[in-house]
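Asks: Here you go, one structure.
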Amino acid sequence: MSVILAIDTSTNACSAALLNKGELIQEISLEPRSHTKLLLGMVDKVLSSAQLTVAQLDAIAYTSGPGSFTGLRIGMGVVQGLAFGADLPVVGISTLQALSLGAVKSCELETGQLILPAFDARMGEIYWGGYRVDKTGSVVAECNDQLTTPELVGGNLSDESGIIGVGEGWQFESEFPVQPVKVVVDLMPEAKDVALLAEPLVKQGKVVPIEQAELVYLRDTVSWKKREKLRK
């Protein structure tokens, strides 16, 4: 079984987890804007709890986005430092997929149920996706992750048993065209779910060298630069 370090810095929450031959150890903080200060300490703590070093890992997994530009870059910086130093492969996991997997246990979802995770992308837009619970208890994509205005959230997604809405983007539920059967707003992605999603990919060799690691912003940097100028 694989030994995988996973990190998530895509939202206000920050977490690091170690999947060590089937056992999970996680450190998490909900303190906003503290990723730079806390993340390396969390990594050290989960590794020392298992009496392991970075060199003993099989891979490093990270949330590749969408999410906070700053948060994602902080996470990537840490991943780069660790992976380069120990010559480790990496694997990126969708932030929305990680959030969806977290919903499976917290909401006690069953095989076949459809999850619609959503984050506030600011600028009047929403990051969202569609994920279905498979027979193993994991989640598989029903569509590509999206960035749209609220009235387009959900696209053509539909399900006879109803959609489960998760994530802080659902605070704008009144603007969404979809009608979920359940909504959990205060659910955030966690590194432990990133590790679980990464495990089968590591086993299948679906990893890349750190030089090929990418982040998925969904929104181009030009839009963000314009927004930053408006703030000044």
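How things are named: the first chain in the structure tokens is A, the next is B, and so on; residues count from 1 in each chain; ligands count from 1 in the order shown.
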Step one, run DSSP on the backbone; step two, keep only residues of region 4-155 of chain A assigned to strand (DSSP E or B); then write them as an MDAnalysis selection string.
Replies: chainID A and resid 4:8 14:20 23:29 59:65 90:94 114:122 125:128 131:133 139:141 146:148
Asks: Next, the residues of the selection above should be written as a short mmCIF file (atom, residue, chain, number, x, y, z; two decimals), in the first residue's frame with N, CA and C atoms.
Replies:
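Generated output (result27.cif):
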data_model
loop_
_atom_site.label_atom_id
_atom_site.label_comp_id
_atom_site.auth_asym_id
_atom_site.auth_seq_id
_atom_site.Cartn_x
_atom_site.Cartn_y
_atom_site.Cartn_z
N ILE A 4 1.44 8.30 1.18
CA ILE A 4 1.18 9.55 0.45
C ILE A 4 1.01 10.71 1.42
N LEU A 5 1.73 11.78 1.17
CA LEU A 5 1.51 13.04 1.89
C LEU A 5 0.57 13.88 1.04
N ALA A 6 -0.44 14.47 1.67
CA ALA A 6 -1.39 15.31 0.93
C ALA A 6 -1.55 16.65 1.64
N ILE A 7 -1.72 17.70 0.85
CA ILE A 7 -1.96 19.02 1.43
C ILE A 7 -3.12 19.69 0.71
N ASP A 8 -3.81 20.58 1.46
CA ASP A 8 -4.87 21.40 0.86
C ASP A 8 -4.74 22.82 1.39
N CYS A 14 -6.69 25.09 6.08
CA CYS A 14 -5.38 24.59 5.65
C CYS A 14 -5.17 23.24 6.33
N SER A 15 -4.77 22.23 5.56
CA SER A 15 -4.61 20.90 6.16
C SER A 15 -3.51 20.11 5.49
N ALA A 16 -2.95 19.18 6.26
CA ALA A 16 -1.96 18.23 5.75
C ALA A 16 -2.34 16.86 6.28
N ALA A 17 -2.18 15.84 5.47
CA ALA A 17 -2.54 14.49 5.88
C ALA A 17 -1.53 13.49 5.36
N LEU A 18 -1.40 12.40 6.08
CA LEU A 18 -0.53 11.31 5.67
C LEU A 18 -1.35 10.04 5.57
N LEU A 19 -1.34 9.43 4.40
CA LEU A 19 -1.96 8.12 4.21
C LEU A 19 -0.82 7.11 4.23
N ASN A 20 -0.75 6.36 5.31
CA ASN A 20 0.37 5.44 5.53
C ASN A 20 -0.14 4.01 5.55
N GLU A 23 -3.68 3.83 6.81
CA GLU A 23 -4.00 4.62 7.99
C GLU A 23 -3.84 6.10 7.70
N LEU A 24 -4.80 6.90 8.17
CA LEU A 24 -4.80 8.34 7.91
C LEU A 24 -4.48 9.14 9.16
N ILE A 25 -3.59 10.11 9.00
CA ILE A 25 -3.29 11.08 10.06
C ILE A 25 -3.49 12.46 9.44
N GLN A 26 -4.20 13.36 10.12
CA GLN A 26 -4.43 14.68 9.55
C GLN A 26 -4.26 15.78 10.58
N GLU A 27 -3.73 16.92 10.13
CA GLU A 27 -3.69 18.16 10.88
C GLU A 27 -4.46 19.19 10.08
N ILE A 28 -5.32 19.96 10.74
CA ILE A 28 -6.13 20.94 10.03
C ILE A 28 -6.28 22.21 10.86
N SER A 29 -6.32 23.36 10.20
CA SER A 29 -6.55 24.64 10.86
C SER A 29 -7.57 25.42 10.06
N ALA A 59 4.63 9.43 -2.88
CA ALA A 59 4.19 10.57 -3.69
C ALA A 59 3.63 11.66 -2.79
N ILE A 60 3.48 12.84 -3.37
CA ILE A 60 2.83 13.96 -2.69
C ILE A 60 1.61 14.36 -3.50
N ALA A 61 0.47 14.49 -2.83
CA ALA A 61 -0.77 14.90 -3.49
C ALA A 61 -1.15 16.30 -3.01
N TYR A 62 -1.78 17.05 -3.88
CA TYR A 62 -2.15 18.43 -3.54
C TYR A 62 -3.45 18.81 -4.25
N THR A 63 -4.17 19.76 -3.69
CA THR A 63 -5.35 20.27 -4.39
C THR A 63 -4.87 21.21 -5.48
N SER A 64 -5.25 20.89 -6.71
CA SER A 64 -4.77 21.65 -7.87
C SER A 64 -5.69 22.82 -8.23
N GLY A 65 -6.81 22.96 -7.52
CA GLY A 65 -7.77 24.01 -7.81
C GLY A 65 -9.08 23.42 -8.31
N VAL A 90 4.36 13.71 -8.02
CA VAL A 90 3.22 14.40 -7.41
C VAL A 90 1.96 14.10 -8.20
N VAL A 91 0.82 14.37 -7.57
CA VAL A 91 -0.46 14.19 -8.25
C VAL A 91 -1.42 15.28 -7.77
N GLY A 92 -2.05 15.98 -8.71
CA GLY A 92 -3.00 17.01 -8.38
C GLY A 92 -4.42 16.47 -8.34
N ILE A 93 -5.19 16.94 -7.36
CA ILE A 93 -6.58 16.50 -7.18
C ILE A 93 -7.49 17.72 -7.20
N SER A 94 -8.60 17.63 -7.90
CA SER A 94 -9.56 18.73 -7.94
C SER A 94 -10.06 19.06 -6.54
N LEU A 114 -25.79 12.07 -6.45
CA LEU A 114 -25.10 13.13 -7.19
C LEU A 114 -24.81 14.31 -6.27
N ILE A 115 -23.55 14.74 -6.26
CA ILE A 115 -23.11 15.85 -5.42
C ILE A 115 -22.76 17.04 -6.30
N LEU A 116 -23.19 18.23 -5.89
CA LEU A 116 -22.83 19.45 -6.60
C LEU A 116 -22.07 20.35 -5.63
N PRO A 117 -20.72 20.28 -5.65
CA PRO A 117 -19.91 21.14 -4.79
C PRO A 117 -19.79 22.53 -5.39
N ALA A 118 -19.77 23.55 -4.54
CA ALA A 118 -19.69 24.93 -5.06
C ALA A 118 -18.91 25.83 -4.11
N PHE A 119 -18.03 26.66 -4.69
CA PHE A 119 -17.28 27.68 -3.96
C PHE A 119 -17.62 29.05 -4.53
N ASP A 120 -17.58 30.06 -3.67
CA ASP A 120 -17.71 31.44 -4.13
C ASP A 120 -16.40 31.83 -4.83
N ALA A 121 -16.47 32.14 -6.12
CA ALA A 121 -15.28 32.54 -6.88
C ALA A 121 -15.09 34.05 -6.91
N ARG A 122 -15.94 34.78 -6.18
CA ARG A 122 -15.93 36.24 -6.18
C ARG A 122 -16.29 36.77 -7.57
N GLU A 125 -19.21 35.21 -9.54
CA GLU A 125 -19.14 33.90 -10.18
C GLU A 125 -18.96 32.78 -9.14
N ILE A 126 -19.22 31.55 -9.61
CA ILE A 126 -19.18 30.37 -8.75
C ILE A 126 -18.33 29.28 -9.39
N TYR A 127 -17.44 28.66 -8.59
CA TYR A 127 -16.78 27.43 -9.01
C TYR A 127 -17.70 26.27 -8.64
N TRP A 128 -17.96 25.37 -9.57
CA TRP A 128 -18.81 24.23 -9.22
C TRP A 128 -18.48 23.02 -10.09
N TYR A 131 -20.28 15.48 -9.12
CA TYR A 131 -19.59 14.22 -8.79
C TYR A 131 -20.60 13.21 -8.26
N ARG A 132 -20.46 11.97 -8.73
CA ARG A 132 -21.37 10.91 -8.31
C ARG A 132 -20.64 9.89 -7.45
N VAL A 133 -21.33 9.42 -6.42
CA VAL A 133 -20.75 8.41 -5.53
C VAL A 133 -20.71 7.07 -6.26
N VAL A 139 -15.78 9.16 -5.41
CA VAL A 139 -16.61 10.00 -6.27
C VAL A 139 -15.96 10.16 -7.64
N VAL A 140 -16.78 10.14 -8.67
CA VAL A 140 -16.30 10.29 -10.05
C VAL A 140 -17.02 11.48 -10.70
N ALA A 141 -16.31 12.15 -11.60
CA ALA A 141 -16.84 13.37 -12.21
C ALA A 141 -17.97 13.07 -13.19
N GLN A 146 -16.39 23.80 -13.32
CA GLN A 146 -16.86 24.96 -14.07
C GLN A 146 -16.65 26.26 -13.29
N LEU A 147 -16.61 27.36 -14.01
CA LEU A 147 -16.68 28.71 -13.45
C LEU A 147 -17.76 29.44 -14.22
N THR A 148 -18.89 29.73 -13.55
CA THR A 148 -20.01 30.40 -14.22
C THR A 148 -20.65 31.40 -13.29
#
Asks: Near Val178 (chain A), counting only C-alpha atoms, which residues have an atom at most 10 Å away, once you skip same-chain residues fewer than 6 positions from it, shown as number ranges by chain?
Replies: A: 116, 151-158, 162-163, 165
Asks: Using backbone DSSP assignments, extract all helix (DSSP H, G or I) residues from region 143-231 of chain A; output them as an MDAnalysis selection string.
Replies: chainID A and resid 150:152 168:175 191:203 210:212 221:231
Asks: Residues of the last selection are to be written out with C-alpha atoms, as a compact mmCIF listing (two decimals), in the first residue's frame.
Replies:
# COMPACT_ATOMS: atom_id res chain seq x y z
CA PRO A 150 -24.90 31.74 -10.34
CA GLU A 151 -27.81 31.33 -12.76
CA LEU A 152 -25.82 28.74 -14.73
CA GLU A 168 -19.84 27.69 0.93
CA GLY A 169 -20.92 28.62 -2.59
CA TRP A 170 -24.37 27.39 -1.63
CA GLN A 171 -24.91 30.53 0.43
CA PHE A 172 -26.12 31.86 -2.93
CA GLU A 173 -28.61 29.01 -3.38
CA SER A 174 -31.47 31.40 -4.13
CA GLU A 175 -29.67 32.41 -7.34
CA ALA A 191 -6.18 16.87 2.89
CA LYS A 192 -7.31 13.42 4.07
CA ASP A 193 -9.75 13.23 1.17
CA VAL A 194 -7.04 14.44 -1.22
CA ALA A 195 -4.89 11.53 -0.04
CA LEU A 196 -7.68 9.00 -0.51
CA LEU A 197 -8.40 10.22 -4.03
CA ALA A 198 -4.70 10.16 -4.88
CA GLU A 199 -4.10 6.59 -3.68
CA PRO A 200 -5.52 4.73 -6.74
CA LEU A 201 -3.77 7.19 -9.07
CA VAL A 202 -0.42 6.54 -7.39
CA LYS A 203 -0.97 2.79 -7.65
CA ILE A 210 7.18 18.07 -10.00
CA GLU A 211 8.32 19.96 -13.10
CA GLN A 212 5.01 19.00 -14.75
CA THR A 221 -4.79 35.91 -14.23
CA VAL A 222 -5.81 38.96 -16.29
CA SER A 223 -9.22 39.00 -14.57
CA TRP A 224 -7.57 38.85 -11.17
CA LYS A 225 -5.14 41.66 -12.01
CA LYS A 226 -8.09 43.85 -13.04
CA ARG A 227 -9.82 43.05 -9.77
CA GLU A 228 -6.70 43.91 -7.76
CA LYS A 229 -6.48 47.29 -9.51
CA LEU A 230 -10.11 48.05 -8.64
CA ARG A 231 -9.34 47.42 -4.97
Asks: So how many Å separate CA of Leu99 (chain A) and CA of Ser68 (chain A), to one decimal?
Replies: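 Pair CA of Leu99 (chain A) / CA of Ser68 (chain A) returns 14.5 Å.
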Asks: Between CA of Gly75 (chain A) and CA of Thr36 (chain A), what is the spacing in Å?
Replies: 8.5 Å
Asks: Ranking A:Gly22, A:Pro66, A:Pro180, A:Gly130 by minimum distance to Glu160 (chain A) and counting only C-alpha atoms, which one comes first?
Replies: A:Pro180
Asks: When you draw a straight line from CA of Gln179 (chain A) to CA of Ser10 (chain A), how long is it in Å?
Replies: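 Atom-to-atom, CA of Gln179 (chain A) to CA of Ser10 (chain A), that is 26.6 Å.
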Asks: Let me make sure I understand: among A:Val46, A:Pro89, A:Gly124, A:Phe69, which one has the smallest atom-to-atom distance to Gly205 (chain A) if we use only C-alpha atoms?
Replies: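 Residue with the minimum atom-to-atom distance to Gly205 (chain A): A:Pro89.
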Asks: Nearest to Pro32 (chain A): which of A:Gly81, A:Asp220, A:Asn12, A:Ser48 is it, counting only C-alpha atoms?
Replies: A:Asn12
Asks: With only C-alpha atoms as the basis for distance, which of A:Val216, A:Asp44, A:Thr9, A:Ile164 is at the shortest distance from Cys107 (chain A)?
Replies: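 Closest residue, counting only C-alpha atoms: A:Ile164.
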